[in-house]
Each structure stands twice: as structure tokens, then as C-alpha cells.
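K.L.:
Please read through the structure below; I'll follow up with questions.
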Amino acid sequence: MLRLDFAPELADFRAQVRDFLHDALPADIRRRTANCEHIEKSEQQRWDRILAAKGWRAPNWPKDHGGPGWSAMERFVYDEEYSLASAPRGNPAGVSLLGPILISYGTEEQKRRFLPPILSSEEWWCQGFSEADAGSDLAALRATACRDGDDYIVNGVKLWTSYAHDAEWMFLLARTSKEERKQAGISFFLMPMDSPGITVTPIVTLGGLHMVNQVMLDDVRIPSAYRVGEDGAGWRIAGSLLGHERFVGARLAPTTALLQHIRKLVNVYAGCDKPLAADPHFAAELARLEIDLLALKATAYRVMSQETPGTSPGPEVSVLKLQGAKLMQDVADLLASIAGPLAIADPGSATGTVPFDHQLAYLSQQALDLRKLTIFGGSSEIQKNIIARRILQV
Ligand SMILES: Cc1cc2nc3c(=O)[nH]c(=O)nc-3n(C[C@H](O)[C@H](O)[C@H](O)COP(=O)(O)OP(=O)(O)OC[C@H]3O[C@@H](n4cnc5c(N)ncnc54)[C@H](O)[C@@H]3O)c2cc1C
């Protein structure tokens, strides 16, 4: 039997993290997160400030930029305990995506200006990469940034921009020159969301939630001091960022927490005449998902043990994203199936009268919302292409 035991010092670290999260996470935020309810920006910022005071707000940042300087394994343990404690994750664009990019590619002035308010959660970011005909084929993007004195003038339409309605800033890709190779001539910018010429239009997705938006950019001025890296270096910088995004998209920790939740429910009657544990189909499905998670974690440990500090994850992270996203969808579907017909109730009408501690009505909303996992951060088909070309080299 495969055993995934941690070194004794990691067990001590795990206990420390667990105790802190248990004591510090406000009960109302823990309850709402456990129920899969939406956490408002102000609530998330309340919790982020507690993490910032502890120095744990940016687990993936080095110490000299305000991170805890943890090893990859410590980060993994922290992430797992974070989900098990039902702590909310909020908007990852600043801390998980842009932060490592600014640390690697930003000027000293950009680091000084932008990293502290990301750490304190005072400024939220959104990611303006995708457009209507530039998702999987991101290099086909058409937004332009034309130099005008010390500024660039940006025009275009970004689509599926998560948190654009909540964010003070956007990091985006725009074309600064037309080159034969479409990956060339793309630059990486930082843009205040209150600039004149920006229109944000909400898009409500399958689960009934407003998270993504369309963002129209009409003659928006961006000072050249807000360009990250050289003119035309955007594609290389974006590639490094997408590696971090795929790691986030693997969702191993939240899936671990969801599976533990299901384990707690298996002896409960759920609107039918026998406990879930006695249903052989349910038991077999649960066992399959637990085994898949164990196998994926073994792969994750292997990937992390090869990680060199300060570099971006390699193509192996596509295996984690591909398998992890699908696994979390399957786990969420199983959880929703426990609720049976109750899972399609209106979340707003959920009451405390359900037979176990989860607000069942949010489960179907969650299962529908998680369809996104196999689309964003690079769809599953794109991850397969990366695995074929860069790992299997077919
Ligand atoms: C909930 C959500 C949040 C998002 N948030 C953001 C965000 O904050 N910022 C941002 O920039 N973007 C965001 N996106 C956009 C996301 O990155 C894109 O949706 C994704 O890259 C897919 O692009 P697309 O939607 O244009 O689909 P397409 O690229 O048109 O793909 C359509 C289908 O064709 C398949 N396909 C495409 N090309 C190939 C190929 N070469 N080989 C095999 N199959 C292929 C795809 O897998 C998919 O099934 C978000 C998307 C969602 C759903």
C-alpha cells in the first residue's frame, strides 16, 4: 500500500498551521465557506488582514518580499490545512499570479509600489488575458497598445475576466507591434481599473454566480512605467504566469477537504431509506475518488520535489491541472448527488433544517460552478496537448 507520510518536522509545522487557523479564522467566515456560500470582498479582506499580520498571506513569496519563505512541501501542507479549516481563498490573481511575476520581472519601483497592497489585500487584481477569439489560442489576442509619448493607448475587449468588478487593477496582455510570429509583439501591462475608457459588464455563469465579466478598453491610457518587462516580452512573462495558474487549478487541497466532508456524511440518511455507507455504488465511487486523489498527490510531491526556488513550474504541472480539475468536478458531483432532489433548491432558500451540516442547496450550485475548472487556466484539451508535446514528445 502506498503511504504518503511526512517528515516529523512537517508534522510539527502542520500542527502549528492547524492551531493558528482554528484560533484565528472568524467563525462566521468559516461557516459561510464550509457552506460554499459567496464570501464578499470586505469579508475576504478581513480574513486576509489577519493572515497578513501573521506573515502567511503569500505562501508562495520569498521572505525578502514579505512571504514566509516556505519550502514547496510546507506550502503544500499549509494549503491542505487551509482547505480543511474551511478558510476562504478569495481572488488569487494578485497574490498567486501577479506577485511571483513582479518578483521575477518587475522593476524595483514596481515591486515597491505593487507588492505591499497585494499582501495587505488592499488592492485586488484581475487577469486580462482572454478575448473572444483568443482563449486557448491566447497568442491570437487583438487588444492593441500604441505608444504615445510616455503612455500607451490601449484598445480591445477582454472576456471572462474574473473579479474585474471587484478589482482595483488589471494585469493584461496587449499587442505593441505586429510581427510575423503572433507570439512576438505582445507586452504585459498593469492598468488601474478606474482609468477613463474602461467598461465592465457582468456575465452570470452556469451556477448563477457573477464572477466573470467582459471588459471593454476604449482609448485607455497606461503610463509606460506600468509595463512589466521589455516591449514585446509579454508572451514569455505570460507563460511563466500560466505555470503558476495551472498549479492553483489542480485544486488538490480543496478536493481533499471535500472528500473528508463526504467521509463524515457516509453514515447519514439523506432523504432515502438506507445510509449512504450501505450503498455499494456510492462506496465504490467514493473509494475510486480517494484512490485517484492519493495517486495525484504522489505525482504532486514528485513535481514539487523537483522544484527550484524562484522558477516557474515545468510542463508536469499540466498533469496535475488536467487530473486535479476533473477529480474535483467528480467529487463535487458525488457530493451534490448525496443531496438528491434537495440539491436543485434555490440556494437563497436554504435553511438549517437539512439532515446534515452542509447547506445542501449550495451543492448543486457548486457542482455547476466547478465546470469552469476544466476550462480556465488552459482547458483540459490544451493540457493534453502540452503533455503530448513537452512530456511524451510525440
Ligand atoms: C469561469 C471562468 C473564469 C475565467 N477567468 C479568466 C480570467 O480571469 N482572465 C482571463 O484572461 N481568462 C479567464 N477565463 C478564460 C479562459 O482562460 C478561457 O475560457 C480558456 O482559455 C478557453 O478559451 P475559450 O473560452 O476561448 O475556448 P476555446 O479556446 O474557443 O476552446 C473551445 C473548445 O475547443 C477546445 N480546443 C481549443 N483549441 C484546441 C486545440 N488546439 N486542441 C484541442 N482542443 C482545443 C477547447 O479545449 C475547448 O473545449 C475564464 C474562463 C472561465 C470559464
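Each chain in the C-alpha cells gets a letter, A, B, ..., in the order shown, and its residues are numbered from 1; ligands are numbered from 1 in order too.
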Could you make a table, as a tab-separated table, of the residues of chain A that have an atom within 10 Å of an atom of ligand 1, each with its nearest atom pair and distance in Å to one decimal, counting only C-alpha atoms and all ligand atoms, in chain and number order?
P.N.:
residue	atom	partner	partner_atom_place_in_ligand_line	distance
A:Asn91	CA	ligand 1	8 (O)	9.6
A:Pro92	CA	ligand 1	8 (O)	9.6
A:Ala93	CA	ligand 1	8 (O)	7.8
A:Trp125	CA	ligand 1	8 (O)	9.4
A:Cys126	CA	ligand 1	8 (O)	6.0
A:Gln127	CA	ligand 1	9 (N)	4.4
A:Gly128	CA	ligand 1	11 (O)	4.5
A:Phe129	CA	ligand 1	11 (O)	3.4
A:Ser130	CA	ligand 1	11 (O)	3.8
A:Glu131	CA	ligand 1	26 (O)	6.9
A:Ala132	CA	ligand 1	26 (O)	6.0
A:Asp133	CA	ligand 1	26 (O)	5.8
A:Ala134	CA	ligand 1	26 (O)	5.4
A:Gly135	CA	ligand 1	23 (O)	3.2
A:Ser136	CA	ligand 1	29 (O)	3.6
A:Asp137	CA	ligand 1	29 (O)	5.9
A:Leu138	CA	ligand 1	21 (O)	7.3
A:Lys158	CA	ligand 1	11 (O)	7.2
A:Leu159	CA	ligand 1	12 (N)	6.5
A:Trp160	CA	ligand 1	14 (N)	4.6
A:Thr161	CA	ligand 1	8 (O)	3.9
A:Ser162	CA	ligand 1	8 (O)	3.7
A:Tyr163	CA	ligand 1	8 (O)	6.9
A:Ala164	CA	ligand 1	8 (O)	7.8
A:Met170	CA	ligand 1	9 (N)	9.6
A:Phe171	CA	ligand 1	11 (O)	9.3
A:Leu172	CA	ligand 1	11 (O)	7.9
A:Leu173	CA	ligand 1	11 (O)	8.9
A:Ile203	CA	ligand 1	1 (C)	9.7
A:Val204	CA	ligand 1	1 (C)	9.6
A:Thr205	CA	ligand 1	1 (C)	7.3
A:Leu206	CA	ligand 1	1 (C)	9.2
A:Leu209	CA	ligand 1	1 (C)	9.7
A:His210	CA	ligand 1	1 (C)	9.4
A:Met211	CA	ligand 1	1 (C)	7.1
A:Val212	CA	ligand 1	3 (C)	5.8
A:Asn213	CA	ligand 1	5 (N)	8.4
A:Gln214	CA	ligand 1	9 (N)	9.9
A:Leu242	CA	ligand 1	17 (O)	9.7
A:Asp369	CA	ligand 1	1 (C)	7.6
A:Leu370	CA	ligand 1	1 (C)	8.2
A:Arg371	CA	ligand 1	53 (C)	7.8
A:Lys372	CA	ligand 1	53 (C)	4.6
A:Leu373	CA	ligand 1	1 (C)	7.5
A:Thr374	CA	ligand 1	53 (C)	8.3
A:Ile375	CA	ligand 1	20 (C)	5.2
A:Phe376	CA	ligand 1	16 (C)	4.0
A:Gly377	CA	ligand 1	17 (O)	5.1
A:Gly378	CA	ligand 1	21 (O)	4.7
A:Ser379	CA	ligand 1	47 (O)	4.7
A:Ser380	CA	ligand 1	47 (O)	5.9
A:Glu381	CA	ligand 1	47 (O)	4.4
A:Ile382	CA	ligand 1	47 (O)	5.7
A:Gln383	CA	ligand 1	47 (O)	8.6
A:Lys384	CA	ligand 1	43 (C)	8.1
A:Asn385	CA	ligand 1	42 (N)	6.6
A:Ile386	CA	ligand 1	42 (N)	9.8
K.L.:
Mind checking which residues fall within 8 Å of range 85-90 of chain A, counting only C-alpha atoms, ignoring those fewer than 2 positions away in the same chain, and posting them as JSON, numbers by chain?
P.N.:
{"A": [18, 21, 22, 25, 29, 30, 31, 33, 34, 39, 41, 44, 81, 82, 83, 92]}
K.L.:
Let's have the selection written as a tab-separated table (two decimals), in the first residue's frame, with N, CA and C atoms.
P.N.:
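The result, written out as result07.tsv:
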chain	number	residue	atom	x	y	z
A	18	ARG	N	-2.52	24.24	11.77
A	18	ARG	CA	-3.89	23.85	12.15
A	18	ARG	C	-4.36	24.67	13.35
A	21	LEU	N	-5.03	28.36	12.35
A	21	LEU	CA	-6.26	28.54	11.56
A	21	LEU	C	-7.49	28.31	12.44
A	22	HIS	N	-7.39	27.37	13.35
A	22	HIS	CA	-8.51	27.07	14.25
A	22	HIS	C	-8.83	28.29	15.12
A	25	LEU	N	-9.35	32.05	12.46
A	25	LEU	CA	-10.38	32.23	11.41
A	25	LEU	C	-11.73	32.58	12.05
A	29	ILE	N	-17.03	33.53	9.02
A	29	ILE	CA	-16.41	33.29	7.70
A	29	ILE	C	-16.21	31.80	7.49
A	30	ARG	N	-15.80	31.10	8.56
A	30	ARG	CA	-15.62	29.64	8.44
A	30	ARG	C	-16.94	28.95	8.07
A	31	ARG	N	-18.03	29.39	8.73
A	31	ARG	CA	-19.33	28.75	8.47
A	31	ARG	C	-19.77	28.99	7.03
A	33	THR	N	-17.92	29.69	4.42
A	33	THR	CA	-17.06	28.99	3.45
A	33	THR	C	-17.41	27.50	3.44
A	34	ALA	N	-17.64	26.93	4.63
A	34	ALA	CA	-17.98	25.50	4.70
A	34	ALA	C	-19.28	25.22	3.96
A	39	ILE	N	-18.33	34.63	-0.46
A	39	ILE	CA	-17.69	35.49	0.54
A	39	ILE	C	-17.45	36.86	-0.10
A	41	LYS	N	-16.13	40.69	-0.81
A	41	LYS	CA	-14.76	41.22	-0.81
A	41	LYS	C	-14.36	41.72	0.59
A	44	GLN	N	-13.57	38.86	2.85
A	44	GLN	CA	-12.31	38.24	2.46
A	44	GLN	C	-11.14	39.10	2.94
A	81	GLU	N	-4.17	22.24	5.00
A	81	GLU	CA	-4.80	22.63	6.27
A	81	GLU	C	-5.75	23.81	6.05
A	82	TYR	N	-5.39	24.69	5.14
A	82	TYR	CA	-6.20	25.87	4.84
A	82	TYR	C	-7.59	25.43	4.38
A	83	SER	N	-7.62	24.45	3.46
A	83	SER	CA	-8.91	23.97	2.97
A	83	SER	C	-9.66	23.20	4.05
A	92	PRO	N	-7.34	34.96	-6.37
A	92	PRO	CA	-5.92	34.58	-6.37
A	92	PRO	C	-5.05	35.42	-7.31
K.L.:
Using only C-alpha atoms, find the one residue out of A:Gly229, A:Gly69, A:Pro223, A:Gly149 that sits nearest to Pro192 in chain A.
P.N.:
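Nearest candidate to Pro192 in chain A out of A:Gly229, A:Gly69, A:Pro223, A:Gly149: A:Pro223.
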K.L.:
Could you check which of A:Asp151, A:Glu109, A:Glu74, A:Asp218 is closest to Trp56 in chain A, using only C-alpha atoms?
P.N.:
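The answer is A:Glu74, which sits nearest to Trp56 in chain A.
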K.L.:
Might you pull out every residue within 7 Å of range 181-184 of chain A, with only C-alpha atoms counted and same-chain residues fewer than 4 positions away left off, and present them as a count of residues only?
P.N.:
4
K.L.:
Just the strand (DSSP E) stuff from range 139-236 of chain A, please, per backbone DSSP, written as a ChimeraX atom specification.
P.N.:
/A:144-148,151-158,169-175,186-192,198-204,210-223,227-228
K.L.:
Dump N, CA and C atoms for the selected residues as a tab-separated table (two decimals), in the first residue's frame?
P.N.:
chain	number	residue	atom	x	y	z
A	144	THR	N	-4.75	46.15	-28.60
A	144	THR	CA	-3.51	46.84	-29.01
A	144	THR	C	-3.11	47.89	-27.98
A	145	ALA	N	-1.82	48.14	-27.90
A	145	ALA	CA	-1.30	49.21	-27.05
A	145	ALA	C	-0.32	50.01	-27.91
A	146	CYS	N	-0.72	51.23	-28.25
A	146	CYS	CA	0.13	52.05	-29.15
A	146	CYS	C	0.83	53.12	-28.33
A	147	ARG	N	2.11	53.24	-28.56
A	147	ARG	CA	2.91	54.20	-27.81
A	147	ARG	C	2.51	55.62	-28.18
A	148	ASP	N	2.34	56.47	-27.14
A	148	ASP	CA	2.03	57.88	-27.36
A	148	ASP	C	2.78	58.66	-26.28
A	151	ASP	N	3.07	57.37	-22.58
A	151	ASP	CA	1.94	56.47	-22.33
A	151	ASP	C	1.78	55.45	-23.45
A	152	TYR	N	0.95	54.46	-23.18
A	152	TYR	CA	0.41	53.59	-24.24
A	152	TYR	C	-1.09	53.86	-24.28
A	153	ILE	N	-1.68	53.77	-25.47
A	153	ILE	CA	-3.14	53.90	-25.57
A	153	ILE	C	-3.67	52.51	-25.94
A	154	VAL	N	-4.54	51.98	-25.07
A	154	VAL	CA	-4.96	50.59	-25.20
A	154	VAL	C	-6.41	50.50	-25.68
A	155	ASN	N	-6.63	49.64	-26.68
A	155	ASN	CA	-7.98	49.37	-27.18
A	155	ASN	C	-8.18	47.88	-27.32
A	156	GLY	N	-9.41	47.43	-27.03
A	156	GLY	CA	-9.69	46.00	-27.19
A	156	GLY	C	-10.82	45.57	-26.26
A	157	VAL	N	-11.15	44.27	-26.30
A	157	VAL	CA	-12.21	43.74	-25.42
A	157	VAL	C	-11.69	42.46	-24.76
A	158	LYS	N	-11.59	42.49	-23.45
A	158	LYS	CA	-11.20	41.30	-22.69
A	158	LYS	C	-12.46	40.57	-22.25
A	169	TRP	N	-7.12	46.92	-9.97
A	169	TRP	CA	-6.11	46.87	-11.04
A	169	TRP	C	-6.31	45.65	-11.92
A	170	MET	N	-5.86	45.78	-13.16
A	170	MET	CA	-5.82	44.61	-14.06
A	170	MET	C	-4.39	44.44	-14.58
A	171	PHE	N	-3.89	43.19	-14.66
A	171	PHE	CA	-2.69	42.96	-15.47
A	171	PHE	C	-3.17	42.36	-16.77
A	172	LEU	N	-2.63	42.86	-17.88
A	172	LEU	CA	-3.17	42.45	-19.17
A	172	LEU	C	-2.08	42.29	-20.22
A	173	LEU	N	-2.45	41.60	-21.27
A	173	LEU	CA	-1.59	41.46	-22.44
A	173	LEU	C	-2.20	42.27	-23.57
A	174	ALA	N	-1.35	43.00	-24.28
A	174	ALA	CA	-1.81	43.74	-25.47
A	174	ALA	C	-0.66	43.76	-26.48
A	175	ARG	N	-1.07	43.90	-27.72
A	175	ARG	CA	-0.10	43.84	-28.82
A	175	ARG	C	0.53	45.22	-29.02
A	186	ILE	N	3.84	41.07	-28.20
A	186	ILE	CA	2.83	41.17	-27.13
A	186	ILE	C	3.54	41.69	-25.87
A	187	SER	N	2.93	42.67	-25.20
A	187	SER	CA	3.55	43.21	-23.98
A	187	SER	C	2.61	43.05	-22.78
A	188	PHE	N	3.19	43.16	-21.59
A	188	PHE	CA	2.48	42.89	-20.33
A	188	PHE	C	2.33	44.22	-19.57
A	189	PHE	N	1.10	44.58	-19.23
A	189	PHE	CA	0.85	45.88	-18.59
A	189	PHE	C	0.08	45.74	-17.28
A	190	LEU	N	0.22	46.80	-16.47
A	190	LEU	CA	-0.56	46.94	-15.24
A	190	LEU	C	-1.46	48.16	-15.43
A	191	MET	N	-2.76	48.00	-15.19
A	191	MET	CA	-3.70	49.08	-15.54
A	191	MET	C	-4.68	49.35	-14.38
A	192	PRO	N	-4.78	50.63	-13.93
A	192	PRO	CA	-5.77	50.94	-12.90
A	192	PRO	C	-7.17	50.77	-13.48
A	198	ILE	N	-12.76	52.50	-19.52
A	198	ILE	CA	-12.97	51.08	-19.18
A	198	ILE	C	-14.45	50.84	-18.86
A	199	THR	N	-15.07	49.85	-19.51
A	199	THR	CA	-16.45	49.49	-19.20
A	199	THR	C	-16.50	48.01	-18.82
A	200	VAL	N	-16.98	47.73	-17.61
A	200	VAL	CA	-17.07	46.35	-17.12
A	200	VAL	C	-18.53	45.89	-17.18
A	201	THR	N	-18.76	44.78	-17.90
A	201	THR	CA	-20.13	44.26	-18.00
A	201	THR	C	-20.17	42.85	-17.37
A	202	PRO	N	-21.07	42.64	-16.41
A	202	PRO	CA	-21.10	41.34	-15.73
A	202	PRO	C	-21.58	40.20	-16.63
A	203	ILE	N	-21.07	38.98	-16.37
A	203	ILE	CA	-21.57	37.77	-17.04
A	203	ILE	C	-21.92	36.78	-15.93
A	204	VAL	N	-23.17	36.31	-15.93
A	204	VAL	CA	-23.59	35.33	-14.91
A	204	VAL	C	-23.39	33.93	-15.49
A	210	HIS	N	-22.07	35.61	-10.27
A	210	HIS	CA	-21.38	36.65	-11.04
A	210	HIS	C	-19.93	36.70	-10.58
A	211	MET	N	-19.07	36.14	-11.39
A	211	MET	CA	-17.63	36.16	-11.10
A	211	MET	C	-16.89	36.74	-12.30
A	212	VAL	N	-17.36	36.41	-13.52
A	212	VAL	CA	-16.63	36.83	-14.72
A	212	VAL	C	-17.33	38.01	-15.39
A	213	ASN	N	-16.55	38.69	-16.24
A	213	ASN	CA	-17.03	39.92	-16.86
A	213	ASN	C	-16.45	40.08	-18.26
A	214	GLN	N	-17.09	40.97	-19.01
A	214	GLN	CA	-16.48	41.47	-20.24
A	214	GLN	C	-15.90	42.86	-19.90
A	215	VAL	N	-14.71	43.15	-20.37
A	215	VAL	CA	-14.10	44.45	-20.06
A	215	VAL	C	-13.72	45.13	-21.37
A	216	MET	N	-14.41	46.24	-21.68
A	216	MET	CA	-14.09	46.98	-22.92
A	216	MET	C	-13.07	48.07	-22.61
A	217	LEU	N	-12.05	48.14	-23.47
A	217	LEU	CA	-10.98	49.12	-23.28
A	217	LEU	C	-11.02	50.06	-24.48
A	218	ASP	N	-11.37	51.31	-24.20
A	218	ASP	CA	-11.57	52.26	-25.28
A	218	ASP	C	-10.64	53.46	-25.07
A	219	ASP	N	-9.52	53.46	-25.81
A	219	ASP	CA	-8.51	54.53	-25.67
A	219	ASP	C	-8.06	54.72	-24.22
A	220	VAL	N	-7.76	53.64	-23.56
A	220	VAL	CA	-7.31	53.73	-22.15
A	220	VAL	C	-5.82	54.05	-22.12
A	221	ARG	N	-5.43	55.06	-21.35
A	221	ARG	CA	-4.01	55.45	-21.26
A	221	ARG	C	-3.33	54.70	-20.13
A	222	ILE	N	-2.20	54.05	-20.44
A	222	ILE	CA	-1.40	53.38	-19.41
A	222	ILE	C	0.02	53.96	-19.47
A	223	PRO	N	0.52	54.52	-18.36
A	223	PRO	CA	1.89	55.05	-18.38
A	223	PRO	C	2.90	53.93	-18.67
A	227	ARG	N	4.48	49.14	-17.67
A	227	ARG	CA	4.76	47.95	-18.49
A	227	ARG	C	5.72	47.07	-17.71
A	228	VAL	N	5.45	45.76	-17.67
A	228	VAL	CA	6.35	44.84	-16.97
A	228	VAL	C	7.24	44.18	-18.02
K.L.:
I need the alpha helix (DSSP H) residues of range 53-102 of chain A per DSSP on the backbone, written as JSON, numbers by chain.
P.N.:
{"A": [53, 54, 72, 73, 74, 75, 76, 77, 78, 79, 80, 81, 82, 83, 84, 99, 100, 101, 102]}
K.L.:
Based on the selection just made, write C-alpha atoms of those residues as a PDB file, in the first residue's frame.
P.N.:
ATOM      1  CA  ALA A  53      -0.426  40.163  10.263  1.00  0.00           C
ATOM      2  CA  LYS A  54       0.747  36.589  10.816  1.00  0.00           C
ATOM      3  CA  ALA A  72       7.289  23.555  -1.547  1.00  0.00           C
ATOM      4  CA  MET A  73       6.254  20.822   0.913  1.00  0.00           C
ATOM      5  CA  GLU A  74       5.460  23.352   3.652  1.00  0.00           C
ATOM      6  CA  ARG A  75       3.299  25.227   1.163  1.00  0.00           C
ATOM      7  CA  PHE A  76       1.519  22.011   0.279  1.00  0.00           C
ATOM      8  CA  VAL A  77       0.804  21.213   3.949  1.00  0.00           C
ATOM      9  CA  TYR A  78      -0.378  24.790   4.571  1.00  0.00           C
ATOM     10  CA  ASP A  79      -2.666  24.643   1.555  1.00  0.00           C
ATOM     11  CA  GLU A  80      -4.192  21.373   2.719  1.00  0.00           C
ATOM     12  CA  GLU A  81      -4.803  22.632   6.267  1.00  0.00           C
ATOM     13  CA  TYR A  82      -6.198  25.869   4.840  1.00  0.00           C
ATOM     14  CA  SER A  83      -8.911  23.969   2.970  1.00  0.00           C
ATOM     15  CA  LEU A  84      -9.574  21.572   5.861  1.00  0.00           C
ATOM     16  CA  GLY A  99       3.072  38.564  -7.167  1.00  0.00           C
ATOM     17  CA  PRO A 100       5.599  35.936  -8.408  1.00  0.00           C
ATOM     18  CA  ILE A 101       5.714  37.704 -11.801  1.00  0.00           C
ATOM     19  CA  LEU A 102       6.546  41.106 -10.303  1.00  0.00           C
TER      20      LEU A 102
END
